[in-house]
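Dropping coords02.cif in here (mmCIF, C-alpha atoms):
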data_query
loop_
_atom_site.label_atom_id
_atom_site.label_comp_id
_atom_site.auth_asym_id
_atom_site.auth_seq_id
_atom_site.Cartn_x
_atom_site.Cartn_y
_atom_site.Cartn_z
CA MET A 31 -29.01 11.51 -17.45
CA ALA A 32 -25.55 10.27 -18.34
CA LYS A 33 -22.79 11.98 -20.28
CA LEU A 34 -19.91 9.75 -21.33
CA ILE A 35 -16.65 11.06 -22.76
CA LYS A 36 -13.96 8.99 -24.42
CA GLY A 37 -10.67 10.72 -23.78
CA ASP A 38 -8.09 11.84 -21.25
CA CYS A 39 -9.79 13.16 -18.11
CA LEU A 40 -7.05 15.75 -17.57
CA ASP A 41 -8.03 17.31 -20.89
CA TYR A 42 -11.77 16.95 -20.42
CA MET A 43 -11.83 18.48 -16.93
CA LYS A 44 -10.72 21.81 -18.42
CA GLN A 45 -14.16 21.98 -20.06
CA ILE A 46 -16.16 21.37 -16.88
CA PRO A 47 -17.66 24.58 -15.43
CA ASP A 48 -16.58 25.83 -12.02
CA ASN A 49 -18.56 24.58 -9.00
CA SER A 50 -20.72 22.24 -11.08
CA ILE A 51 -20.00 18.76 -9.65
CA ASP A 52 -21.65 17.44 -6.48
CA LEU A 53 -19.54 14.32 -6.02
CA ILE A 54 -16.28 13.10 -7.53
CA LEU A 55 -16.12 9.33 -7.10
CA THR A 56 -13.32 7.61 -8.95
CA ASP A 57 -10.91 4.70 -9.06
CA PRO A 58 -7.66 5.79 -10.75
CA PRO A 59 -4.69 3.47 -11.31
CA TYR A 60 -2.86 2.40 -8.16
CA ASN A 61 0.56 2.03 -9.81
CA ILE A 62 1.05 -1.35 -8.12
CA ALA A 63 1.87 -3.31 -11.28
CA GLN A 64 5.54 -2.67 -10.56
CA TYR A 65 5.24 -4.82 -7.43
CA SER A 66 3.63 -7.78 -9.19
CA THR A 67 5.46 -11.10 -9.22
CA GLY A 68 3.37 -12.43 -12.09
CA ASN A 69 0.30 -14.63 -12.31
CA ILE A 70 0.13 -17.66 -10.01
CA GLU A 71 -0.46 -20.95 -11.79
CA LEU A 72 -3.04 -23.19 -10.12
CA PRO A 73 -3.36 -26.90 -10.95
CA GLY A 74 -6.54 -27.70 -12.85
CA ARG A 75 -7.92 -24.18 -12.95
CA GLU A 76 -7.35 -20.72 -14.36
CA ALA A 77 -4.23 -18.94 -13.14
CA LEU A 78 -4.71 -16.49 -10.29
CA ASN A 79 -4.36 -13.01 -11.75
CA ASN A 80 -1.53 -11.24 -9.94
CA ASN A 81 -0.84 -8.79 -12.74
CA ILE A 82 -2.84 -5.61 -13.16
CA ALA A 83 -2.77 -4.14 -16.66
CA ASP A 84 -0.45 -2.12 -18.85
CA TRP A 85 -2.33 1.07 -17.99
CA ASP A 86 -1.31 0.70 -14.34
CA ASN A 87 2.34 1.20 -15.30
CA ALA A 88 1.77 4.83 -16.33
CA PRO A 89 2.72 7.03 -13.33
CA LEU A 90 -0.21 8.79 -11.66
CA GLU A 91 0.51 12.07 -9.86
CA PRO A 92 -2.20 13.39 -7.49
CA LYS A 93 -0.80 16.92 -7.93
CA ASP A 94 -2.09 16.85 -11.51
CA PHE A 95 -5.68 16.72 -10.23
CA ILE A 96 -5.79 19.21 -7.36
CA ASP A 97 -6.52 22.38 -9.33
CA ASP A 98 -9.38 20.98 -11.40
CA PHE A 99 -10.87 18.93 -8.58
CA LYS A 100 -11.03 22.05 -6.39
CA ARG A 101 -12.38 24.17 -9.23
CA ILE A 102 -15.20 21.89 -10.40
CA ILE A 103 -16.47 20.59 -7.06
CA LYS A 104 -19.32 22.52 -5.48
CA PRO A 105 -18.71 24.18 -2.10
CA ASP A 106 -20.88 21.50 -0.48
CA GLY A 107 -19.49 18.65 -2.59
CA ASN A 108 -17.50 15.56 -1.67
CA ILE A 109 -14.54 13.73 -3.21
CA PHE A 110 -13.89 9.98 -2.87
CA VAL A 111 -10.83 8.43 -4.52
CA PHE A 112 -9.84 4.75 -4.40
CA THR A 113 -6.12 4.35 -3.82
CA SER A 114 -3.45 2.04 -2.41
CA TYR A 115 -0.70 2.04 0.22
CA ASN A 116 1.94 3.32 -2.19
CA LEU A 117 -0.02 6.41 -3.27
CA ILE A 118 -2.02 7.45 -0.21
CA GLY A 119 0.91 9.53 1.06
CA LYS A 120 1.01 11.48 -2.20
CA TRP A 121 -2.74 12.11 -2.13
CA HIS A 122 -2.47 13.29 1.48
CA SER A 123 0.51 15.53 0.79
CA VAL A 124 -1.30 17.31 -2.04
CA PHE A 125 -4.92 17.39 -0.84
CA ASP A 126 -4.85 17.54 2.97
CA SER A 127 -4.10 21.25 3.23
CA GLU A 128 -6.65 22.12 0.53
CA PHE A 129 -9.77 20.77 2.27
CA ASP A 130 -11.17 21.06 5.76
CA THR A 131 -11.31 17.28 6.09
CA PHE A 132 -9.12 14.52 4.68
CA GLN A 133 -10.16 11.06 5.87
CA PHE A 134 -9.84 7.50 4.70
CA PHE A 135 -12.48 4.82 4.20
CA ILE A 136 -11.83 1.08 4.08
CA TRP A 137 -13.51 -1.41 1.78
CA HIS A 138 -13.15 -4.86 3.30
CA LYS A 139 -13.45 -7.57 0.65
CA THR A 140 -15.17 -10.61 2.15
CA ASN A 141 -13.86 -12.90 -0.59
CA PRO A 142 -10.29 -11.79 -1.36
CA ALA A 143 -7.98 -13.82 -3.54
CA PRO A 144 -6.43 -16.69 -1.52
CA LYS A 145 -2.84 -16.54 -0.34
CA ILE A 146 -1.62 -19.67 -2.11
CA TYR A 147 1.80 -19.80 -0.46
CA LYS A 148 0.51 -18.73 2.99
CA ASN A 149 3.40 -16.32 3.41
CA GLY A 150 1.55 -13.09 4.29
CA PHE A 151 -1.81 -11.44 4.85
CA LEU A 152 -4.65 -11.74 2.37
CA ASN A 153 -5.15 -8.53 0.41
CA SER A 154 -8.65 -8.00 1.79
CA CYS A 155 -8.75 -4.22 2.25
CA GLU A 156 -8.67 -1.27 -0.11
CA MET A 157 -8.45 2.39 0.86
CA ILE A 158 -10.63 5.23 -0.32
CA ILE A 159 -9.63 8.79 0.55
CA CYS A 160 -12.40 11.29 1.30
CA MET A 161 -12.20 15.08 1.15
CA TRP A 162 -14.74 17.80 1.89
CA ASN A 163 -15.16 21.28 3.33
CA LYS A 164 -17.40 22.52 6.14
CA GLY A 165 -21.06 22.51 5.20
CA HIS A 166 -20.72 19.56 2.84
CA LYS A 167 -23.83 17.51 2.09
CA TRP A 168 -23.93 14.34 4.16
CA ASN A 169 -26.76 11.85 4.58
CA PHE A 170 -25.94 10.50 8.03
CA THR A 171 -28.02 7.46 8.93
CA LYS A 172 -27.56 5.31 12.04
CA GLN A 173 -24.34 5.41 14.02
CA ASN A 174 -23.65 1.73 13.31
CA GLU A 175 -24.09 2.34 9.57
CA MET A 176 -21.65 5.25 9.36
CA HIS A 177 -18.35 3.55 10.09
CA ASN A 178 -15.51 4.40 7.70
CA PHE A 179 -15.58 0.71 6.82
CA PHE A 180 -17.76 -1.26 4.42
CA GLU A 181 -17.87 -4.98 3.76
CA SER A 182 -18.86 -6.54 0.47
CA PRO A 183 -17.57 -9.21 -1.89
CA ILE A 184 -15.39 -8.31 -4.83
CA CYS A 185 -17.17 -8.36 -8.18
CA MET A 186 -18.20 -11.85 -9.17
CA TYR A 187 -20.12 -13.13 -12.15
CA PRO A 188 -22.66 -12.21 -13.41
CA GLU A 189 -21.88 -8.63 -12.27
CA ARG A 190 -18.24 -8.93 -13.29
CA LEU A 191 -17.84 -8.58 -17.01
CA ARG A 192 -16.16 -11.40 -18.89
CA GLU A 193 -15.51 -9.26 -21.96
CA PRO A 194 -13.82 -6.95 -21.42
CA LYS A 195 -12.40 -8.20 -18.15
CA HIS A 196 -11.38 -5.22 -16.04
CA PRO A 197 -8.99 -6.25 -13.22
CA ALA A 198 -10.18 -3.45 -10.94
CA GLN A 199 -13.96 -3.53 -11.50
CA LYS A 200 -15.65 -2.35 -8.31
CA PRO A 201 -18.96 -3.74 -6.98
CA VAL A 202 -22.02 -1.56 -7.54
CA LYS A 203 -23.12 -2.26 -3.95
CA LEU A 204 -20.06 -0.46 -2.56
CA LEU A 205 -20.42 2.48 -4.94
CA LYS A 206 -24.11 2.89 -4.11
CA HIS A 207 -23.27 3.00 -0.40
CA ILE A 208 -20.91 5.94 -0.98
CA ILE A 209 -23.22 7.74 -3.41
CA ASN A 210 -26.18 7.49 -1.03
CA ILE A 211 -24.21 9.08 1.80
CA ALA A 212 -22.32 11.75 -0.15
CA SER A 213 -24.93 13.03 -2.62
CA ASN A 214 -28.63 13.58 -3.16
CA PRO A 215 -31.02 12.54 -5.94
CA ASP A 216 -30.46 14.46 -9.20
CA ASP A 217 -26.94 15.48 -8.12
CA ILE A 218 -24.11 15.26 -10.65
CA VAL A 219 -21.51 12.56 -9.97
CA PHE A 220 -18.26 12.70 -11.94
CA ASP A 221 -15.93 9.75 -12.49
CA PRO A 222 -12.79 10.74 -14.41
CA PHE A 223 -11.59 7.11 -14.55
CA MET A 224 -14.86 5.44 -15.53
CA GLY A 225 -13.49 2.04 -16.55
CA VAL A 226 -16.39 -0.24 -17.45
CA GLY A 227 -18.94 2.15 -15.94
CA SER A 228 -19.81 0.75 -12.52
CA THR A 229 -20.14 4.21 -10.95
CA GLY A 230 -22.48 5.17 -13.79
CA VAL A 231 -24.62 2.08 -13.18
CA ALA A 232 -24.84 2.93 -9.47
CA CYS A 233 -25.87 6.49 -10.33
CA MET A 234 -28.58 5.35 -12.72
CA GLU A 235 -30.03 3.06 -10.06
CA LEU A 236 -30.03 5.86 -7.47
CA GLY A 237 -31.40 8.69 -9.60
CA ARG A 238 -28.18 10.68 -9.91
CA ARG A 239 -26.86 12.36 -13.03
CA PHE A 240 -23.57 10.93 -14.19
CA VAL A 241 -20.56 12.25 -16.07
CA GLY A 242 -17.89 9.69 -16.88
CA CYS A 243 -14.58 9.86 -18.72
CA GLU A 244 -12.57 6.89 -20.00
CA ILE A 245 -9.52 6.87 -22.26
CA ASP A 246 -9.57 3.17 -23.20
CA LYS A 247 -11.87 2.45 -26.17
CA VAL A 248 -12.77 -1.09 -25.11
CA TYR A 249 -13.65 -0.10 -21.56
CA PHE A 250 -15.53 2.96 -22.81
CA ASN A 251 -17.72 0.87 -25.12
CA ALA A 252 -18.47 -1.56 -22.30
CA ALA A 253 -19.44 1.30 -19.98
CA LYS A 254 -21.64 2.86 -22.66
CA LYS A 255 -23.47 -0.43 -23.19
CA ARG A 256 -24.06 -0.97 -19.46
CA ILE A 257 -25.25 2.54 -18.74
CA SER A 258 -27.41 2.88 -21.87
CA ALA A 259 -29.45 -0.08 -20.63
CA TYR A 260 -30.99 2.32 -18.11
CA GLY A 261 -32.36 4.55 -20.89
#
The structure given in the file should be rewritten as C-alpha cells.
Amino acid sequence: MAKLIKGDCLDYMKQIPDNSIDLILTDPPYNIAQYSTGNIELPGREALNNNIADWDNAPLEPKDFIDDFKRIIKPDGNIFVFTSYNLIGKWHSVFDSEFDTFQFFIWHKTNPAPKIYKNGFLNSCEMIICMWNKGHKWNFTKQNEMHNFFESPICMYPERLREPKHPAQKPVKLLKHIINIASNPDDIVFDPFMGVGSTGVACMELGRRFVGCEIDKVYFNAAKKRISAYG
C-alpha cells in the first residue's frame, strides 16, 4: 500500500493521526547550495555538478518539524533524517532533549565525485540523524552488521533517473538497510520529502506501507510512476 500526496509536508502532517507512523525516513534539503562555487567544467565530458537545486536555497528549520514528528510517531517508532554538517547542530539542538536517544549514522559513498583540483577531502560521507525512545522496535542482527556506518555507491544509471534528474537521489540499497533495521513488515513508513520516491520503492520491495509527500510536481510524478510499478 502506498499513499502519495502532492503538497507541502508541513501542511499535510497536520492531517496525520497521532501515534500512527512506525518510521519517519526522509531526506530534506541540506541548505548547502549557498556554499556552491558552481559547476566544474571537464574537458570532453559533462560538467561535474557542483550546484544543488533552487529548492535547496529555501531555509529549512528543524524546529518546524518537532511537534508533528513527536505527535505522529508511535511510541516504539524511529526517526531517520539525512542532513549535512551545517544543519546537524540545529537538528540536535531541537530534537536531542525530546527523545531518549539522538545518534548519527554515516553513509560512506564508495564512488564520490572526484576532487578535480586536489585541494581537499572527497565528499564521501553523509550524515543521518537517528532518534527514538526506550522500547523502540529494532531488528538487531550481527554485531558486525550493526555499525552506525554503511557503505554503498551513490545512485548510478540505470537506478538514477535521467528525467527528472534529482541531484540528491539516494540509493535504494541504503534505504532498505535502514528500513529493515528500524521497522517490521506491514509497518507504515512516512517520507515528508519524497523526491523521486526512492524510499517508497524500498518500502514496496520490503513489504512496508508507505506514505510520501512531495511539493514539486515533476518529482511527484516521477515518484508516482516508480512506485505504481509495484501495483
Inset, instruction - Evaluate the PyMOL selection byres ((chain A and resi 120) around 12) on the structure here and hand back the selected residues as a PyMOL selection string. - result: chain A and resi 60+90-96+113-119+121-126+159
Inset, instruction - Could you jot down the CA of Ala212 in chain A to CA of Asn169 in chain A separation for me, Å, one decimal place? - result: 6.5 Å
Inset, instruction - For the file shown, report as number ranges by chain the outcome of the PyMOL selection byres ((chain A and resi 252) around 9) at residue level. - result: A: 191, 193-194, 225-227, 247-251, 253-257
Now that the selection is made, can you save its residues with C-alpha atoms as a PDB file, in the coordinates of the input?
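Output saved as again39.pdb:
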ATOM      1  CA  LEU A 191     -17.840  -8.580 -17.010  1.00  0.00           C
ATOM      2  CA  GLU A 193     -15.510  -9.260 -21.960  1.00  0.00           C
ATOM      3  CA  PRO A 194     -13.820  -6.950 -21.420  1.00  0.00           C
ATOM      4  CA  GLY A 225     -13.490   2.040 -16.550  1.00  0.00           C
ATOM      5  CA  VAL A 226     -16.390  -0.240 -17.450  1.00  0.00           C
ATOM      6  CA  GLY A 227     -18.940   2.150 -15.940  1.00  0.00           C
ATOM      7  CA  LYS A 247     -11.870   2.450 -26.170  1.00  0.00           C
ATOM      8  CA  VAL A 248     -12.770  -1.090 -25.110  1.00  0.00           C
ATOM      9  CA  TYR A 249     -13.650  -0.100 -21.560  1.00  0.00           C
ATOM     10  CA  PHE A 250     -15.530   2.960 -22.810  1.00  0.00           C
ATOM     11  CA  ASN A 251     -17.720   0.870 -25.120  1.00  0.00           C
ATOM     12  CA  ALA A 253     -19.440   1.300 -19.980  1.00  0.00           C
ATOM     13  CA  LYS A 254     -21.640   2.860 -22.660  1.00  0.00           C
ATOM     14  CA  LYS A 255     -23.470  -0.430 -23.190  1.00  0.00           C
ATOM     15  CA  ARG A 256     -24.060  -0.970 -19.460  1.00  0.00           C
ATOM     16  CA  ILE A 257     -25.250   2.540 -18.740  1.00  0.00           C
TER      17      ILE A 257
END
Inset, instruction - Give as a VMD selection string each residue that has an atom at most 8 Å from (-20.0, 11.4, -21.6) in the file, counting all atoms listed in the file. - result: chain A and resid 32 to 36 241 to 243
For the residues in that selection, give me C-alpha atoms as an mmCIF file, in the frame of the given file.
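Generated file (part_16.cif):
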data_model
loop_
_atom_site.group_PDB
_atom_site.id
_atom_site.type_symbol
_atom_site.label_atom_id
_atom_site.label_comp_id
_atom_site.auth_asym_id
_atom_site.auth_seq_id
_atom_site.Cartn_x
_atom_site.Cartn_y
_atom_site.Cartn_z
ATOM 1 C CA ALA A 32 -25.550 10.270 -18.340
ATOM 2 C CA LYS A 33 -22.790 11.980 -20.280
ATOM 3 C CA LEU A 34 -19.910 9.750 -21.330
ATOM 4 C CA ILE A 35 -16.650 11.060 -22.760
ATOM 5 C CA LYS A 36 -13.960 8.990 -24.420
ATOM 6 C CA VAL A 241 -20.560 12.250 -16.070
ATOM 7 C CA GLY A 242 -17.890 9.690 -16.880
ATOM 8 C CA CYS A 243 -14.580 9.860 -18.720
#
Legend entry - Evaluate the PyMOL selection byres ((chain A and resi 47) around 10) and report residues as JSON, numbers by chain: {"A": [43, 44, 45, 46, 48, 49, 50, 51, 98, 101, 102, 103]}
Inset, instruction - Report the distance between CA of Lys139 in chain A and CA of Phe110 in chain A in Å, rounded to one decimal place. - result: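 CA of Lys139 in chain A sits 17.9 Å away from CA of Phe110 in chain A.
Atom pair CA of Phe99 in chain A / CA of Val111 in chain A: separated by 11.3 Å.
The closest residue to Cys233 in chain A, picked from A:Met186, A:Ile245, A:Ala143, A:Leu55 and counting only C-alpha atoms, is A:Leu55.
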List every protein, DNA or RNA residue with an atom no more than 10 Å from (-32.5, 5.4, -15.7) in the file's coordinates, counting all atoms listed in the file, and format the result as a PDB file with C-alpha atoms, in the coordinates of the input.
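Below is the file that was written, point-v6.pdb:
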ATOM      1  CA  MET A  31     -29.010  11.510 -17.450  1.00  0.00           C
ATOM      2  CA  ALA A  32     -25.550  10.270 -18.340  1.00  0.00           C
ATOM      3  CA  VAL A 231     -24.620   2.080 -13.180  1.00  0.00           C
ATOM      4  CA  CYS A 233     -25.870   6.490 -10.330  1.00  0.00           C
ATOM      5  CA  MET A 234     -28.580   5.350 -12.720  1.00  0.00           C
ATOM      6  CA  GLU A 235     -30.030   3.060 -10.060  1.00  0.00           C
ATOM      7  CA  LEU A 236     -30.030   5.860  -7.470  1.00  0.00           C
ATOM      8  CA  GLY A 237     -31.400   8.690  -9.600  1.00  0.00           C
ATOM      9  CA  ARG A 238     -28.180  10.680  -9.910  1.00  0.00           C
ATOM     10  CA  ARG A 239     -26.860  12.360 -13.030  1.00  0.00           C
ATOM     11  CA  ILE A 257     -25.250   2.540 -18.740  1.00  0.00           C
ATOM     12  CA  SER A 258     -27.410   2.880 -21.870  1.00  0.00           C
ATOM     13  CA  ALA A 259     -29.450  -0.080 -20.630  1.00  0.00           C
ATOM     14  CA  TYR A 260     -30.990   2.320 -18.110  1.00  0.00           C
ATOM     15  CA  GLY A 261     -32.360   4.550 -20.890  1.00  0.00           C
TER      16      GLY A 261
END
Legend entry - Residue nearest Cys155 in chain A - candidates A:Trp168, A:Phe132, A:Phe179, A:Phe220, atoms counted: all atoms listed in the file: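 Among the listed residues, A:Phe179 lies closest to Cys155 in chain A.
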Legend entry - Option closest in space to His196 in chain A, from A:Asn210, A:Ser228, A:Asn149, A:Ser182 [counting all atoms listed in the file]: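 Between A:Asn210, A:Ser228, A:Asn149, A:Ser182, the residue approaching His196 in chain A most closely is A:Ser228.
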Inset, instruction - Using all atoms listed in the file, pick whichever of A:Ala88, A:Ile211, A:Val219, A:Cys185 has the shortest atom-to-atom distance to Pro197 in chain A. - result: A:Cys185
Can you take range 123-150 of chain A from the block and write N, CA and C atoms as a PDB file, in the first residue's frame?
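The file below, decode_39.pdb, is the result:
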ATOM      1  N   SER A 123      20.012  20.486  18.501  1.00  0.00           N
ATOM      2  CA  SER A 123      19.511  21.461  19.459  1.00  0.00           C
ATOM      3  C   SER A 123      18.011  21.305  19.696  1.00  0.00           C
ATOM      4  N   VAL A 124      17.276  20.993  18.639  1.00  0.00           N
ATOM      5  CA  VAL A 124      15.819  20.902  18.747  1.00  0.00           C
ATOM      6  C   VAL A 124      15.369  19.531  19.233  1.00  0.00           C
ATOM      7  N   PHE A 125      15.994  18.454  18.745  1.00  0.00           N
ATOM      8  CA  PHE A 125      15.463  17.105  18.941  1.00  0.00           C
ATOM      9  C   PHE A 125      16.114  16.328  20.088  1.00  0.00           C
ATOM     10  N   ASP A 126      17.332  16.672  20.468  1.00  0.00           N
ATOM     11  CA  ASP A 126      18.049  15.850  21.442  1.00  0.00           C
ATOM     12  C   ASP A 126      17.306  15.717  22.767  1.00  0.00           C
ATOM     13  N   SER A 127      16.768  16.794  23.263  1.00  0.00           N
ATOM     14  CA  SER A 127      16.091  16.750  24.562  1.00  0.00           C
ATOM     15  C   SER A 127      14.701  16.126  24.492  1.00  0.00           C
ATOM     16  N   GLU A 128      14.204  15.883  23.288  1.00  0.00           N
ATOM     17  CA  GLU A 128      12.841  15.384  23.116  1.00  0.00           C
ATOM     18  C   GLU A 128      12.770  13.865  22.958  1.00  0.00           C
ATOM     19  N   PHE A 129      13.905  13.204  22.802  1.00  0.00           N
ATOM     20  CA  PHE A 129      13.940  11.754  22.631  1.00  0.00           C
ATOM     21  C   PHE A 129      14.988  11.160  23.553  1.00  0.00           C
ATOM     22  N   ASP A 130      14.788   9.897  23.909  1.00  0.00           N
ATOM     23  CA  ASP A 130      15.745   9.241  24.792  1.00  0.00           C
ATOM     24  C   ASP A 130      17.109   9.093  24.125  1.00  0.00           C
ATOM     25  N   THR A 131      17.100   8.907  22.809  1.00  0.00           N
ATOM     26  CA  THR A 131      18.354   8.710  22.083  1.00  0.00           C
ATOM     27  C   THR A 131      18.400   9.601  20.851  1.00  0.00           C
ATOM     28  N   PHE A 132      19.527  10.267  20.681  1.00  0.00           N
ATOM     29  CA  PHE A 132      19.832  11.026  19.467  1.00  0.00           C
ATOM     30  C   PHE A 132      21.208  10.572  19.031  1.00  0.00           C
ATOM     31  N   GLN A 133      21.280   9.865  17.902  1.00  0.00           N
ATOM     32  CA  GLN A 133      22.556   9.374  17.393  1.00  0.00           C
ATOM     33  C   GLN A 133      22.739   9.827  15.950  1.00  0.00           C
ATOM     34  N   PHE A 134      23.916   9.547  15.407  1.00  0.00           N
ATOM     35  CA  PHE A 134      24.119   9.802  13.993  1.00  0.00           C
ATOM     36  C   PHE A 134      24.598   8.531  13.309  1.00  0.00           C
ATOM     37  N   PHE A 135      24.312   8.447  12.034  1.00  0.00           N
ATOM     38  CA  PHE A 135      24.653   7.310  11.190  1.00  0.00           C
ATOM     39  C   PHE A 135      25.371   7.877   9.969  1.00  0.00           C
ATOM     40  N   ILE A 136      26.394   7.188   9.502  1.00  0.00           N
ATOM     41  CA  ILE A 136      27.176   7.668   8.374  1.00  0.00           C
ATOM     42  C   ILE A 136      26.959   6.774   7.153  1.00  0.00           C
ATOM     43  N   TRP A 137      26.621   7.407   6.046  1.00  0.00           N
ATOM     44  CA  TRP A 137      26.630   6.714   4.759  1.00  0.00           C
ATOM     45  C   TRP A 137      27.937   7.065   4.062  1.00  0.00           C
ATOM     46  N   HIS A 138      28.769   6.044   3.837  1.00  0.00           N
ATOM     47  CA  HIS A 138      30.018   6.246   3.124  1.00  0.00           C
ATOM     48  C   HIS A 138      29.819   5.888   1.657  1.00  0.00           C
ATOM     49  N   LYS A 139      29.975   6.884   0.798  1.00  0.00           N
ATOM     50  CA  LYS A 139      29.804   6.690  -0.642  1.00  0.00           C
ATOM     51  C   LYS A 139      31.111   6.145  -1.228  1.00  0.00           C
ATOM     52  N   THR A 140      31.047   4.959  -1.808  1.00  0.00           N
ATOM     53  CA  THR A 140      32.262   4.325  -2.327  1.00  0.00           C
ATOM     54  C   THR A 140      32.715   4.920  -3.652  1.00  0.00           C
ATOM     55  N   ASN A 141      31.855   5.709  -4.282  1.00  0.00           N
ATOM     56  CA  ASN A 141      32.226   6.324  -5.562  1.00  0.00           C
ATOM     57  C   ASN A 141      31.883   7.813  -5.573  1.00  0.00           C
ATOM     58  N   PRO A 142      32.438   8.586  -4.626  1.00  0.00           N
ATOM     59  CA  PRO A 142      32.103  10.012  -4.580  1.00  0.00           C
ATOM     60  C   PRO A 142      32.646  10.758  -5.795  1.00  0.00           C
ATOM     61  N   ALA A 143      32.116  11.940  -6.001  1.00  0.00           N
ATOM     62  CA  ALA A 143      32.620  12.779  -7.092  1.00  0.00           C
ATOM     63  C   ALA A 143      34.102  13.064  -6.871  1.00  0.00           C
ATOM     64  N   PRO A 144      34.904  13.041  -7.923  1.00  0.00           N
ATOM     65  CA  PRO A 144      36.353  13.293  -7.764  1.00  0.00           C
ATOM     66  C   PRO A 144      36.638  14.724  -7.346  1.00  0.00           C
ATOM     67  N   LYS A 145      37.756  14.899  -6.684  1.00  0.00           N
ATOM     68  CA  LYS A 145      38.224  16.238  -6.303  1.00  0.00           C
ATOM     69  C   LYS A 145      39.173  16.701  -7.400  1.00  0.00           C
ATOM     70  N   ILE A 146      38.622  17.428  -8.372  1.00  0.00           N
ATOM     71  CA  ILE A 146      39.376  17.758  -9.578  1.00  0.00           C
ATOM     72  C   ILE A 146      40.646  18.539  -9.261  1.00  0.00           C
ATOM     73  N   TYR A 147      40.547  19.499  -8.352  1.00  0.00           N
ATOM     74  CA  TYR A 147      41.696  20.360  -8.065  1.00  0.00           C
ATOM     75  C   TYR A 147      42.572  19.841  -6.927  1.00  0.00           C
ATOM     76  N   LYS A 148      42.201  18.699  -6.352  1.00  0.00           N
ATOM     77  CA  LYS A 148      43.014  18.025  -5.329  1.00  0.00           C
ATOM     78  C   LYS A 148      43.375  18.961  -4.172  1.00  0.00           C
ATOM     79  N   ASN A 149      42.404  19.766  -3.760  1.00  0.00           N
ATOM     80  CA  ASN A 149      42.676  20.761  -2.725  1.00  0.00           C
ATOM     81  C   ASN A 149      41.860  20.527  -1.457  1.00  0.00           C
ATOM     82  N   GLY A 150      41.401  19.297  -1.235  1.00  0.00           N
ATOM     83  CA  GLY A 150      40.638  18.976  -0.029  1.00  0.00           C
ATOM     84  C   GLY A 150      40.196  17.531  -0.065  1.00  0.00           C
TER      85      GLY A 150
END
